[in-house]
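Participant: Below is the file query_10.txt, with compact mmCIF, N, CA and C atoms.
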# COMPACT_ATOMS: atom_id res chain seq x y z
N MET A 823 -103.23 -198.92 -142.26
CA MET A 823 -102.80 -197.70 -141.61
C MET A 823 -102.09 -198.00 -140.28
N ARG A 824 -102.64 -198.91 -139.55
CA ARG A 824 -102.05 -199.28 -138.26
C ARG A 824 -100.67 -199.91 -138.46
N ILE A 825 -100.52 -200.73 -139.49
CA ILE A 825 -99.22 -201.36 -139.79
C ILE A 825 -98.19 -200.28 -140.12
N ALA A 826 -98.61 -199.27 -140.87
CA ALA A 826 -97.70 -198.18 -141.23
C ALA A 826 -97.21 -197.46 -139.98
N ARG A 827 -98.10 -197.24 -139.02
CA ARG A 827 -97.69 -196.58 -137.77
C ARG A 827 -96.72 -197.45 -136.96
N ILE A 828 -96.97 -198.73 -136.96
CA ILE A 828 -96.08 -199.64 -136.23
C ILE A 828 -94.70 -199.67 -136.89
N VAL A 829 -94.69 -199.78 -138.21
CA VAL A 829 -93.41 -199.79 -138.93
C VAL A 829 -92.68 -198.48 -138.71
N THR A 830 -93.40 -197.37 -138.80
CA THR A 830 -92.78 -196.06 -138.59
C THR A 830 -92.22 -195.94 -137.18
N SER A 831 -93.00 -196.40 -136.19
CA SER A 831 -92.52 -196.30 -134.81
C SER A 831 -91.29 -197.17 -134.57
N LEU A 832 -91.16 -198.26 -135.31
CA LEU A 832 -89.99 -199.11 -135.17
C LEU A 832 -88.79 -198.58 -135.94
N LEU A 833 -89.03 -198.01 -137.10
CA LEU A 833 -87.93 -197.55 -137.95
C LEU A 833 -87.41 -196.17 -137.57
N PHE A 834 -88.26 -195.30 -137.04
CA PHE A 834 -87.83 -193.94 -136.73
C PHE A 834 -86.63 -193.90 -135.79
N PRO A 835 -86.63 -194.67 -134.68
CA PRO A 835 -85.43 -194.67 -133.83
C PRO A 835 -84.18 -195.15 -134.56
N LEU A 836 -84.33 -196.08 -135.48
CA LEU A 836 -83.18 -196.56 -136.25
C LEU A 836 -82.64 -195.46 -137.14
N LEU A 837 -83.54 -194.69 -137.74
CA LEU A 837 -83.10 -193.58 -138.59
C LEU A 837 -82.34 -192.55 -137.78
N LEU A 838 -82.83 -192.28 -136.58
CA LEU A 838 -82.13 -191.33 -135.72
C LEU A 838 -80.76 -191.86 -135.31
N ALA A 839 -80.68 -193.14 -135.04
CA ALA A 839 -79.42 -193.74 -134.61
C ALA A 839 -78.39 -193.75 -135.72
N THR A 840 -78.83 -193.80 -136.98
CA THR A 840 -77.87 -193.84 -138.08
C THR A 840 -77.62 -192.46 -138.68
N SER A 841 -78.28 -191.43 -138.19
CA SER A 841 -78.04 -190.10 -138.71
C SER A 841 -76.67 -189.63 -138.24
N PRO A 842 -76.03 -188.73 -139.01
CA PRO A 842 -74.70 -188.30 -138.63
C PRO A 842 -74.68 -187.60 -137.27
N ALA A 843 -73.58 -187.75 -136.58
CA ALA A 843 -73.44 -187.16 -135.25
C ALA A 843 -73.18 -185.65 -135.35
N TYR A 844 -72.84 -185.17 -136.49
CA TYR A 844 -72.50 -183.77 -136.66
C TYR A 844 -73.61 -183.05 -137.41
N ALA A 845 -74.04 -181.92 -136.88
CA ALA A 845 -75.14 -181.18 -137.48
C ALA A 845 -74.74 -180.63 -138.85
N GLU A 846 -73.56 -180.05 -138.94
CA GLU A 846 -73.12 -179.48 -140.21
C GLU A 846 -71.59 -179.44 -140.26
N VAL A 847 -71.04 -180.14 -141.22
CA VAL A 847 -69.59 -180.18 -141.40
C VAL A 847 -69.19 -179.01 -142.30
N VAL A 848 -68.15 -178.30 -141.89
CA VAL A 848 -67.65 -177.17 -142.67
C VAL A 848 -66.15 -177.32 -142.88
N VAL A 849 -65.69 -176.83 -144.01
CA VAL A 849 -64.26 -176.82 -144.32
C VAL A 849 -63.73 -175.46 -143.89
N ILE A 850 -62.61 -175.48 -143.17
CA ILE A 850 -62.07 -174.24 -142.60
C ILE A 850 -60.62 -174.01 -142.97
N VAL A 851 -60.23 -172.75 -142.91
CA VAL A 851 -58.84 -172.31 -143.03
C VAL A 851 -58.63 -171.24 -141.96
N ALA A 852 -57.40 -170.81 -141.77
CA ALA A 852 -57.10 -169.75 -140.81
C ALA A 852 -57.83 -168.48 -141.21
N ALA A 853 -58.19 -167.68 -140.24
CA ALA A 853 -58.91 -166.43 -140.51
C ALA A 853 -58.12 -165.53 -141.46
N ASN A 854 -56.79 -165.61 -141.42
CA ASN A 854 -55.95 -164.75 -142.27
C ASN A 854 -55.50 -165.45 -143.56
N ALA A 855 -56.04 -166.60 -143.86
CA ALA A 855 -55.66 -167.33 -145.09
C ALA A 855 -56.15 -166.55 -146.31
N PRO A 856 -55.42 -166.64 -147.42
CA PRO A 856 -55.75 -165.85 -148.60
C PRO A 856 -56.97 -166.35 -149.39
N VAL A 857 -57.52 -167.49 -149.03
CA VAL A 857 -58.64 -168.06 -149.77
C VAL A 857 -59.96 -167.73 -149.06
N SER A 858 -60.99 -167.43 -149.85
CA SER A 858 -62.29 -167.09 -149.25
C SER A 858 -63.35 -168.15 -149.51
N GLY A 859 -63.10 -169.03 -150.47
CA GLY A 859 -64.07 -170.08 -150.77
C GLY A 859 -63.49 -171.09 -151.74
N LEU A 860 -63.96 -172.32 -151.64
CA LEU A 860 -63.54 -173.39 -152.55
C LEU A 860 -64.76 -174.21 -152.93
N SER A 861 -64.71 -174.82 -154.10
CA SER A 861 -65.76 -175.73 -154.52
C SER A 861 -65.50 -177.11 -153.92
N ALA A 862 -66.50 -177.96 -153.95
CA ALA A 862 -66.32 -179.33 -153.46
C ALA A 862 -65.24 -180.05 -154.27
N ALA A 863 -65.18 -179.79 -155.56
CA ALA A 863 -64.17 -180.42 -156.41
C ALA A 863 -62.76 -179.98 -156.00
N GLN A 864 -62.59 -178.70 -155.67
CA GLN A 864 -61.28 -178.20 -155.25
C GLN A 864 -60.88 -178.82 -153.91
N VAL A 865 -61.83 -178.91 -152.98
CA VAL A 865 -61.55 -179.51 -151.68
C VAL A 865 -61.20 -180.99 -151.87
N SER A 866 -61.94 -181.67 -152.71
CA SER A 866 -61.67 -183.08 -153.00
C SER A 866 -60.26 -183.25 -153.55
N ASP A 867 -59.86 -182.42 -154.50
CA ASP A 867 -58.52 -182.50 -155.08
C ASP A 867 -57.44 -182.31 -154.02
N ILE A 868 -57.67 -181.40 -153.08
CA ILE A 868 -56.69 -181.14 -152.02
C ILE A 868 -56.57 -182.36 -151.10
N PHE A 869 -57.71 -182.90 -150.67
CA PHE A 869 -57.68 -184.01 -149.73
C PHE A 869 -57.28 -185.34 -150.37
N LEU A 870 -57.30 -185.41 -151.71
CA LEU A 870 -56.86 -186.63 -152.40
C LEU A 870 -55.47 -186.46 -153.03
N SER A 871 -54.74 -185.42 -152.63
CA SER A 871 -53.39 -185.13 -153.12
C SER A 871 -53.32 -184.92 -154.63
N LYS A 872 -54.41 -184.46 -155.20
CA LYS A 872 -54.40 -184.14 -156.63
C LYS A 872 -54.00 -182.69 -156.84
N SER A 873 -54.08 -181.90 -155.78
CA SER A 873 -53.66 -180.50 -155.82
C SER A 873 -52.97 -180.17 -154.51
N GLY A 874 -51.88 -179.45 -154.59
CA GLY A 874 -51.14 -179.06 -153.40
C GLY A 874 -51.15 -177.56 -153.18
N THR A 875 -52.06 -176.87 -153.90
CA THR A 875 -52.10 -175.42 -153.78
C THR A 875 -53.55 -174.91 -153.72
N PHE A 876 -53.70 -173.75 -153.11
CA PHE A 876 -54.96 -173.01 -153.18
C PHE A 876 -55.05 -172.40 -154.58
N PRO A 877 -56.21 -171.90 -154.97
CA PRO A 877 -56.34 -171.31 -156.32
C PRO A 877 -55.35 -170.20 -156.63
N ASP A 878 -54.89 -169.46 -155.59
CA ASP A 878 -53.92 -168.38 -155.82
C ASP A 878 -52.49 -168.88 -155.95
N GLY A 879 -52.28 -170.20 -155.82
CA GLY A 879 -50.94 -170.77 -155.95
C GLY A 879 -50.23 -171.02 -154.64
N ALA A 880 -50.81 -170.54 -153.53
CA ALA A 880 -50.20 -170.76 -152.21
C ALA A 880 -50.31 -172.24 -151.85
N ALA A 881 -49.27 -172.76 -151.19
CA ALA A 881 -49.27 -174.16 -150.78
C ALA A 881 -50.40 -174.43 -149.79
N VAL A 882 -50.94 -175.65 -149.85
CA VAL A 882 -52.00 -176.05 -148.94
C VAL A 882 -51.70 -177.42 -148.37
N VAL A 883 -52.00 -177.59 -147.08
CA VAL A 883 -51.77 -178.85 -146.38
C VAL A 883 -53.09 -179.29 -145.75
N PRO A 884 -53.65 -180.41 -146.21
CA PRO A 884 -54.90 -180.88 -145.63
C PRO A 884 -54.69 -181.58 -144.29
N ILE A 885 -55.61 -181.36 -143.37
CA ILE A 885 -55.59 -181.99 -142.06
C ILE A 885 -56.87 -182.80 -141.92
N ASP A 886 -56.72 -184.07 -141.61
CA ASP A 886 -57.85 -185.00 -141.52
C ASP A 886 -58.27 -185.24 -140.08
N GLN A 887 -59.54 -185.58 -139.89
CA GLN A 887 -60.03 -186.06 -138.62
C GLN A 887 -59.54 -187.50 -138.44
N ALA A 888 -59.69 -188.04 -137.26
CA ALA A 888 -59.23 -189.40 -136.97
C ALA A 888 -59.99 -190.42 -137.82
N ASP A 889 -59.27 -191.45 -138.25
CA ASP A 889 -59.87 -192.52 -139.04
C ASP A 889 -61.00 -193.17 -138.26
N GLY A 890 -62.15 -193.35 -138.89
CA GLY A 890 -63.29 -193.98 -138.27
C GLY A 890 -64.21 -193.02 -137.54
N SER A 891 -63.83 -191.75 -137.42
CA SER A 891 -64.71 -190.80 -136.72
C SER A 891 -65.93 -190.49 -137.59
N ALA A 892 -67.03 -190.16 -136.94
CA ALA A 892 -68.28 -189.87 -137.65
C ALA A 892 -68.13 -188.66 -138.57
N ILE A 893 -67.42 -187.65 -138.12
CA ILE A 893 -67.27 -186.45 -138.94
C ILE A 893 -66.45 -186.75 -140.20
N ARG A 894 -65.43 -187.57 -140.05
CA ARG A 894 -64.62 -187.96 -141.22
C ARG A 894 -65.45 -188.76 -142.22
N LEU A 895 -66.23 -189.71 -141.71
CA LEU A 895 -67.09 -190.51 -142.59
C LEU A 895 -68.04 -189.61 -143.38
N GLU A 896 -68.65 -188.65 -142.68
CA GLU A 896 -69.58 -187.74 -143.34
C GLU A 896 -68.86 -186.87 -144.38
N PHE A 897 -67.70 -186.32 -144.02
CA PHE A 897 -66.95 -185.47 -144.94
C PHE A 897 -66.60 -186.22 -146.22
N TYR A 898 -66.03 -187.41 -146.09
CA TYR A 898 -65.61 -188.16 -147.28
C TYR A 898 -66.79 -188.67 -148.10
N ARG A 899 -67.86 -189.03 -147.43
CA ARG A 899 -69.03 -189.51 -148.16
C ARG A 899 -69.65 -188.38 -148.98
N LYS A 900 -69.79 -187.20 -148.37
CA LYS A 900 -70.48 -186.10 -149.03
C LYS A 900 -69.59 -185.29 -149.96
N THR A 901 -68.33 -185.10 -149.62
CA THR A 901 -67.45 -184.25 -150.42
C THR A 901 -66.66 -185.04 -151.45
N ILE A 902 -66.10 -186.14 -151.04
CA ILE A 902 -65.22 -186.92 -151.90
C ILE A 902 -65.98 -188.04 -152.59
N GLY A 903 -67.05 -188.54 -151.96
CA GLY A 903 -67.84 -189.61 -152.55
C GLY A 903 -67.18 -190.97 -152.41
N LYS A 904 -66.41 -191.15 -151.33
CA LYS A 904 -65.72 -192.43 -151.12
C LYS A 904 -66.06 -193.00 -149.75
N THR A 905 -66.25 -194.30 -149.73
CA THR A 905 -66.44 -195.02 -148.47
C THR A 905 -65.05 -195.22 -147.85
N PRO A 906 -64.99 -195.59 -146.58
CA PRO A 906 -63.68 -195.86 -145.97
C PRO A 906 -62.89 -196.93 -146.72
N GLU A 907 -63.57 -197.94 -147.23
CA GLU A 907 -62.89 -199.01 -147.96
C GLU A 907 -62.29 -198.49 -149.27
N LEU A 908 -63.06 -197.69 -150.00
CA LEU A 908 -62.56 -197.11 -151.26
C LEU A 908 -61.42 -196.14 -151.00
N LEU A 909 -61.52 -195.40 -149.91
CA LEU A 909 -60.46 -194.45 -149.56
C LEU A 909 -59.16 -195.18 -149.22
N LYS A 910 -59.26 -196.28 -148.48
CA LYS A 910 -58.06 -197.06 -148.15
C LYS A 910 -57.42 -197.63 -149.42
N ALA A 911 -58.25 -198.11 -150.33
CA ALA A 911 -57.73 -198.63 -151.60
C ALA A 911 -57.06 -197.52 -152.40
N TYR A 912 -57.68 -196.34 -152.41
CA TYR A 912 -57.12 -195.19 -153.13
C TYR A 912 -55.73 -194.85 -152.57
N TRP A 913 -55.63 -194.74 -151.23
CA TRP A 913 -54.34 -194.36 -150.64
C TRP A 913 -53.30 -195.46 -150.79
N SER A 914 -53.70 -196.71 -150.77
CA SER A 914 -52.74 -197.79 -151.00
C SER A 914 -52.11 -197.64 -152.38
N LYS A 915 -52.93 -197.36 -153.37
CA LYS A 915 -52.43 -197.18 -154.73
C LYS A 915 -51.54 -195.94 -154.83
N MET A 916 -51.98 -194.84 -154.23
CA MET A 916 -51.21 -193.59 -154.30
C MET A 916 -49.84 -193.75 -153.63
N ILE A 917 -49.81 -194.38 -152.49
CA ILE A 917 -48.55 -194.59 -151.77
C ILE A 917 -47.65 -195.54 -152.55
N PHE A 918 -48.22 -196.63 -153.04
CA PHE A 918 -47.44 -197.63 -153.78
C PHE A 918 -46.80 -197.03 -155.03
N THR A 919 -47.54 -196.16 -155.72
CA THR A 919 -47.03 -195.56 -156.96
C THR A 919 -46.24 -194.27 -156.72
N GLY A 920 -46.15 -193.86 -155.45
CA GLY A 920 -45.40 -192.65 -155.13
C GLY A 920 -46.09 -191.36 -155.56
N GLN A 921 -47.39 -191.40 -155.73
CA GLN A 921 -48.12 -190.23 -156.22
C GLN A 921 -48.73 -189.38 -155.12
N GLY A 922 -48.64 -189.83 -153.88
CA GLY A 922 -49.21 -189.02 -152.82
C GLY A 922 -49.25 -189.73 -151.49
N GLU A 923 -49.47 -188.95 -150.45
CA GLU A 923 -49.58 -189.44 -149.08
C GLU A 923 -50.91 -188.95 -148.53
N PRO A 924 -51.55 -189.75 -147.67
CA PRO A 924 -52.80 -189.28 -147.07
C PRO A 924 -52.55 -188.09 -146.15
N PRO A 925 -53.59 -187.28 -145.94
CA PRO A 925 -53.43 -186.13 -145.03
C PRO A 925 -53.08 -186.57 -143.61
N ARG A 926 -52.42 -185.69 -142.92
CA ARG A 926 -52.09 -185.90 -141.51
C ARG A 926 -53.40 -185.98 -140.71
N GLU A 927 -53.47 -186.90 -139.77
CA GLU A 927 -54.67 -187.06 -138.94
C GLU A 927 -54.46 -186.43 -137.57
N ILE A 928 -55.49 -185.74 -137.11
CA ILE A 928 -55.51 -185.15 -135.77
C ILE A 928 -56.75 -185.69 -135.07
N ALA A 929 -56.62 -186.01 -133.81
CA ALA A 929 -57.66 -186.76 -133.09
C ALA A 929 -58.97 -186.01 -132.83
N ASP A 930 -58.96 -184.69 -132.72
CA ASP A 930 -60.24 -184.03 -132.45
C ASP A 930 -60.34 -182.66 -133.10
N SER A 931 -61.56 -182.19 -133.22
CA SER A 931 -61.84 -180.94 -133.92
C SER A 931 -61.20 -179.72 -133.27
N GLU A 932 -61.15 -179.68 -131.95
CA GLU A 932 -60.56 -178.53 -131.26
C GLU A 932 -59.07 -178.42 -131.59
N LYS A 933 -58.36 -179.54 -131.60
CA LYS A 933 -56.94 -179.53 -131.95
C LYS A 933 -56.75 -179.15 -133.42
N ILE A 934 -57.63 -179.63 -134.28
CA ILE A 934 -57.56 -179.28 -135.70
C ILE A 934 -57.76 -177.78 -135.87
N LYS A 935 -58.76 -177.23 -135.21
CA LYS A 935 -59.03 -175.79 -135.31
C LYS A 935 -57.83 -174.97 -134.85
N LYS A 936 -57.23 -175.34 -133.72
CA LYS A 936 -56.07 -174.60 -133.21
C LYS A 936 -54.89 -174.68 -134.18
N LEU A 937 -54.65 -175.86 -134.74
CA LEU A 937 -53.56 -176.04 -135.69
C LEU A 937 -53.78 -175.18 -136.93
N ILE A 938 -54.99 -175.22 -137.46
CA ILE A 938 -55.32 -174.47 -138.68
C ILE A 938 -55.29 -172.96 -138.41
N ALA A 939 -55.79 -172.54 -137.27
CA ALA A 939 -55.82 -171.11 -136.92
C ALA A 939 -54.42 -170.49 -136.94
N ASN A 940 -53.41 -171.30 -136.65
CA ASN A 940 -52.03 -170.81 -136.58
C ASN A 940 -51.24 -170.97 -137.87
N ASN A 941 -51.89 -171.45 -138.93
CA ASN A 941 -51.16 -171.65 -140.19
C ASN A 941 -52.08 -171.42 -141.38
N PRO A 942 -51.86 -170.34 -142.14
CA PRO A 942 -52.73 -170.03 -143.28
C PRO A 942 -52.61 -171.01 -144.45
N HIS A 943 -51.70 -171.98 -144.35
CA HIS A 943 -51.54 -172.97 -145.43
C HIS A 943 -52.31 -174.26 -145.14
N TYR A 944 -52.88 -174.37 -143.96
CA TYR A 944 -53.61 -175.59 -143.58
C TYR A 944 -55.09 -175.47 -143.90
N ILE A 945 -55.70 -176.63 -144.15
CA ILE A 945 -57.14 -176.72 -144.40
C ILE A 945 -57.65 -177.97 -143.70
N GLY A 946 -58.84 -177.89 -143.16
CA GLY A 946 -59.43 -179.04 -142.47
C GLY A 946 -60.93 -178.90 -142.41
N TYR A 947 -61.56 -179.78 -141.68
CA TYR A 947 -63.01 -179.75 -141.55
C TYR A 947 -63.40 -180.09 -140.13
N ILE A 948 -64.42 -179.39 -139.64
CA ILE A 948 -64.92 -179.58 -138.29
C ILE A 948 -66.43 -179.37 -138.32
N ASP A 949 -67.08 -179.62 -137.19
CA ASP A 949 -68.49 -179.30 -137.06
C ASP A 949 -68.62 -177.77 -136.96
N ARG A 950 -69.64 -177.25 -137.60
CA ARG A 950 -69.84 -175.80 -137.62
C ARG A 950 -69.89 -175.21 -136.21
N SER A 951 -70.38 -175.94 -135.24
CA SER A 951 -70.49 -175.42 -133.87
C SER A 951 -69.13 -175.09 -133.26
N GLY A 952 -68.04 -175.63 -133.81
CA GLY A 952 -66.71 -175.36 -133.29
C GLY A 952 -66.02 -174.16 -133.91
N VAL A 953 -66.66 -173.53 -134.89
CA VAL A 953 -66.05 -172.39 -135.58
C VAL A 953 -66.06 -171.16 -134.68
N ASP A 954 -64.94 -170.46 -134.66
CA ASP A 954 -64.85 -169.18 -133.96
C ASP A 954 -64.06 -168.19 -134.84
N ALA A 955 -63.71 -167.05 -134.30
CA ALA A 955 -63.04 -166.01 -135.08
C ALA A 955 -61.64 -166.37 -135.53
N SER A 956 -61.05 -167.43 -135.00
CA SER A 956 -59.69 -167.81 -135.38
C SER A 956 -59.62 -168.50 -136.74
N VAL A 957 -60.75 -168.97 -137.23
CA VAL A 957 -60.82 -169.65 -138.52
C VAL A 957 -61.99 -169.10 -139.33
N LYS A 958 -61.97 -169.43 -140.63
CA LYS A 958 -63.12 -169.04 -141.45
C LYS A 958 -63.58 -170.23 -142.28
N ILE A 959 -64.86 -170.24 -142.52
CA ILE A 959 -65.48 -171.30 -143.31
C ILE A 959 -65.30 -170.96 -144.78
N ILE A 960 -64.78 -171.95 -145.54
CA ILE A 960 -64.64 -171.73 -146.98
C ILE A 960 -65.54 -172.65 -147.79
N MET A 961 -66.17 -173.61 -147.10
CA MET A 961 -67.14 -174.47 -147.77
C MET A 961 -67.99 -175.18 -146.73
N VAL A 962 -69.28 -175.29 -147.03
CA VAL A 962 -70.19 -176.07 -146.20
C VAL A 962 -70.39 -177.40 -146.91
N VAL A 963 -70.23 -178.49 -146.19
CA VAL A 963 -70.36 -179.83 -146.77
C VAL A 963 -71.85 -180.18 -146.88
N HIS A 964 -72.24 -180.51 -148.11
CA HIS A 964 -73.66 -180.89 -148.37
C HIS A 964 -73.75 -182.31 -148.82
Now, as a test, write the supplied structure out as structure tokens.

Facilitator:
Amino acid sequence: MRIARIVTSLLFPLLLATSPAYAEVVVIVAANAPVSGLSAAQVSDIFLSKSGTFPDGAAVVPIDQADGSAIRLEFYRKTIGKTPELLKAYWSKMIFTGQGEPPREIADSEKIKKLIANNPHYIGYIDRSGVDASVKIIMVVH
């Protein structure tokens, strides 16, 4: 029993240190965008250039967080199911074969939110704490 407490006391800080920096990642669009919700598969298709439209046929442009950011790692791991290495390999193949380009990267969530709020064709992801009336949540990342 004592060993278990020692192991727990040593491992618990490590678990906290490796937990995601973002409490809850959400996928957002402009408040006036015609879409009200998307499945994880639909979001995945958009961010992997497999689909260039919302379900109603309107064009969609994905906006990515900066490469290597904690929120981006969490989004791709939970929604797309790809590690950074697999994602780089995927985009290398897509670019080489002319089948797609990776989403545009923006350095921080506030800039992403402002960009998306002003264009109903854009889609991105931020921490839920950054959501305000200018955007709406269309999917919660699990």

Participant: Point out the residue among A:Ala892, A:Ala929, A:Ala955, A:Ile945 with the least atom-to-atom distance to A:Val865, counting only C-alpha atoms.

Facilitator: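 Looking only at the distances to A:Val865, the closest residue turns out to be A:Ile945.
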
Participant: Would you list the residues near (-59.6, -166.1, -139.6), meaning any protein, DNA or RNA residue with an atom at most 10 Å from that point in file coordinates, counting only C-alpha atoms, as a compact mmCIF listing (two decimals) with N, CA and C atoms, in the frame of the given file?

Facilitator:
# COMPACT_ATOMS: atom_id res chain seq x y z
N ILE A 850 -62.61 -175.48 -143.17
CA ILE A 850 -62.07 -174.24 -142.60
C ILE A 850 -60.62 -174.01 -142.97
N VAL A 851 -60.23 -172.75 -142.91
CA VAL A 851 -58.84 -172.31 -143.03
C VAL A 851 -58.63 -171.24 -141.96
N ALA A 852 -57.40 -170.81 -141.77
CA ALA A 852 -57.10 -169.75 -140.81
C ALA A 852 -57.83 -168.48 -141.21
N ALA A 853 -58.19 -167.68 -140.24
CA ALA A 853 -58.91 -166.43 -140.51
C ALA A 853 -58.12 -165.53 -141.46
N ASN A 854 -56.79 -165.61 -141.42
CA ASN A 854 -55.95 -164.75 -142.27
C ASN A 854 -55.50 -165.45 -143.56
N ALA A 855 -56.04 -166.60 -143.86
CA ALA A 855 -55.66 -167.33 -145.09
C ALA A 855 -56.15 -166.55 -146.31
N PRO A 856 -55.42 -166.64 -147.42
CA PRO A 856 -55.75 -165.85 -148.60
C PRO A 856 -56.97 -166.35 -149.39
N ILE A 938 -54.99 -175.22 -137.46
CA ILE A 938 -55.32 -174.47 -138.68
C ILE A 938 -55.29 -172.96 -138.41
N ALA A 939 -55.79 -172.54 -137.27
CA ALA A 939 -55.82 -171.11 -136.92
C ALA A 939 -54.42 -170.49 -136.94
N ASN A 940 -53.41 -171.30 -136.65
CA ASN A 940 -52.03 -170.81 -136.58
C ASN A 940 -51.24 -170.97 -137.87
N PRO A 942 -51.86 -170.34 -142.14
CA PRO A 942 -52.73 -170.03 -143.28
C PRO A 942 -52.61 -171.01 -144.45
N VAL A 953 -66.66 -173.53 -134.89
CA VAL A 953 -66.05 -172.39 -135.58
C VAL A 953 -66.06 -171.16 -134.68
N ASP A 954 -64.94 -170.46 -134.66
CA ASP A 954 -64.85 -169.18 -133.96
C ASP A 954 -64.06 -168.19 -134.84
N ALA A 955 -63.71 -167.05 -134.30
CA ALA A 955 -63.04 -166.01 -135.08
C ALA A 955 -61.64 -166.37 -135.53
N SER A 956 -61.05 -167.43 -135.00
CA SER A 956 -59.69 -167.81 -135.38
C SER A 956 -59.62 -168.50 -136.74
N VAL A 957 -60.75 -168.97 -137.23
CA VAL A 957 -60.82 -169.65 -138.52
C VAL A 957 -61.99 -169.10 -139.33
N LYS A 958 -61.97 -169.43 -140.63
CA LYS A 958 -63.12 -169.04 -141.45
C LYS A 958 -63.58 -170.23 -142.28
N ILE A 959 -64.86 -170.24 -142.52
CA ILE A 959 -65.48 -171.30 -143.31
C ILE A 959 -65.30 -170.96 -144.78

Participant: Restricting the calculation to only C-alpha atoms, which member of A:Glu932, A:Val848, A:His964, A:Val857 is positioned closest to A:Gly879?

Facilitator: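 So, comparing all the options, the nearest one is A:Val857.
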
Participant: Enumerate the residues of chain A with a DSSP assignment of helix (DSSP H, G or I), computed from the backbone, and present them as a ChimeraX atom specification.

Facilitator: /A:824-840,862-869,892-902,906-919,931-939,950-952

Participant: Let me make sure I understand: among A:Val847, A:Ala881, A:Ile902, A:Ile948, which one has the smallest atom-to-atom distance to A:Asp930 if we use only C-alpha atoms?

Facilitator: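 The closest residue to A:Asp930 is A:Ile948.
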
Participant: From the set A:Ile893, A:Leu870, A:Ala880, A:Leu860, which residue has the shortest atom-to-atom contact distance to A:Asp949, counting only N, CA and C atoms?

Facilitator: A:Ile893

Participant: Please identify the strand (DSSP E or B) residues within chain A (assignment by DSSP from backbone atoms) and present them as number ranges by chain.

Facilitator: A: 847-852, 875, 881, 883-887, 926-928, 944-949, 957-962

Participant: Would you mind exporting the chosen residues as a compact mmCIF listing (two decimals), in the coordinates of the input, restricted to N, CA and C atoms?

Facilitator:
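Written out: out39.txt:
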# COMPACT_ATOMS: atom_id res chain seq x y z
N VAL A 847 -71.04 -180.14 -141.22
CA VAL A 847 -69.59 -180.18 -141.40
C VAL A 847 -69.19 -179.01 -142.30
N VAL A 848 -68.15 -178.30 -141.89
CA VAL A 848 -67.65 -177.17 -142.67
C VAL A 848 -66.15 -177.32 -142.88
N VAL A 849 -65.69 -176.83 -144.01
CA VAL A 849 -64.26 -176.82 -144.32
C VAL A 849 -63.73 -175.46 -143.89
N ILE A 850 -62.61 -175.48 -143.17
CA ILE A 850 -62.07 -174.24 -142.60
C ILE A 850 -60.62 -174.01 -142.97
N VAL A 851 -60.23 -172.75 -142.91
CA VAL A 851 -58.84 -172.31 -143.03
C VAL A 851 -58.63 -171.24 -141.96
N ALA A 852 -57.40 -170.81 -141.77
CA ALA A 852 -57.10 -169.75 -140.81
C ALA A 852 -57.83 -168.48 -141.21
N THR A 875 -52.06 -176.87 -153.90
CA THR A 875 -52.10 -175.42 -153.78
C THR A 875 -53.55 -174.91 -153.72
N ALA A 881 -49.27 -172.76 -151.19
CA ALA A 881 -49.27 -174.16 -150.78
C ALA A 881 -50.40 -174.43 -149.79
N VAL A 883 -52.00 -177.59 -147.08
CA VAL A 883 -51.77 -178.85 -146.38
C VAL A 883 -53.09 -179.29 -145.75
N PRO A 884 -53.65 -180.41 -146.21
CA PRO A 884 -54.90 -180.88 -145.63
C PRO A 884 -54.69 -181.58 -144.29
N ILE A 885 -55.61 -181.36 -143.37
CA ILE A 885 -55.59 -181.99 -142.06
C ILE A 885 -56.87 -182.80 -141.92
N ASP A 886 -56.72 -184.07 -141.61
CA ASP A 886 -57.85 -185.00 -141.52
C ASP A 886 -58.27 -185.24 -140.08
N GLN A 887 -59.54 -185.58 -139.89
CA GLN A 887 -60.03 -186.06 -138.62
C GLN A 887 -59.54 -187.50 -138.44
N ARG A 926 -52.42 -185.69 -142.92
CA ARG A 926 -52.09 -185.90 -141.51
C ARG A 926 -53.40 -185.98 -140.71
N GLU A 927 -53.47 -186.90 -139.77
CA GLU A 927 -54.67 -187.06 -138.94
C GLU A 927 -54.46 -186.43 -137.57
N ILE A 928 -55.49 -185.74 -137.11
CA ILE A 928 -55.51 -185.15 -135.77
C ILE A 928 -56.75 -185.69 -135.07
N TYR A 944 -52.88 -174.37 -143.96
CA TYR A 944 -53.61 -175.59 -143.58
C TYR A 944 -55.09 -175.47 -143.90
N ILE A 945 -55.70 -176.63 -144.15
CA ILE A 945 -57.14 -176.72 -144.40
C ILE A 945 -57.65 -177.97 -143.70
N GLY A 946 -58.84 -177.89 -143.16
CA GLY A 946 -59.43 -179.04 -142.47
C GLY A 946 -60.93 -178.90 -142.41
N TYR A 947 -61.56 -179.78 -141.68
CA TYR A 947 -63.01 -179.75 -141.55
C TYR A 947 -63.40 -180.09 -140.13
N ILE A 948 -64.42 -179.39 -139.64
CA ILE A 948 -64.92 -179.58 -138.29
C ILE A 948 -66.43 -179.37 -138.32
N ASP A 949 -67.08 -179.62 -137.19
CA ASP A 949 -68.49 -179.30 -137.06
C ASP A 949 -68.62 -177.77 -136.96
N VAL A 957 -60.75 -168.97 -137.23
CA VAL A 957 -60.82 -169.65 -138.52
C VAL A 957 -61.99 -169.10 -139.33
N LYS A 958 -61.97 -169.43 -140.63
CA LYS A 958 -63.12 -169.04 -141.45
C LYS A 958 -63.58 -170.23 -142.28
N ILE A 959 -64.86 -170.24 -142.52
CA ILE A 959 -65.48 -171.30 -143.31
C ILE A 959 -65.30 -170.96 -144.78
N ILE A 960 -64.78 -171.95 -145.54
CA ILE A 960 -64.64 -171.73 -146.98
C ILE A 960 -65.54 -172.65 -147.79
N MET A 961 -66.17 -173.61 -147.10
CA MET A 961 -67.14 -174.47 -147.77
C MET A 961 -67.99 -175.18 -146.73
N VAL A 962 -69.28 -175.29 -147.03
CA VAL A 962 -70.19 -176.07 -146.20
C VAL A 962 -70.39 -177.40 -146.91

Participant: What is the atom CA of A:Lys915 to atom CA of A:Ile868 distance in Å?

Facilitator: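 Atom CA of A:Ile868 lies at a distance of 16.8 Å from atom CA of A:Lys915.
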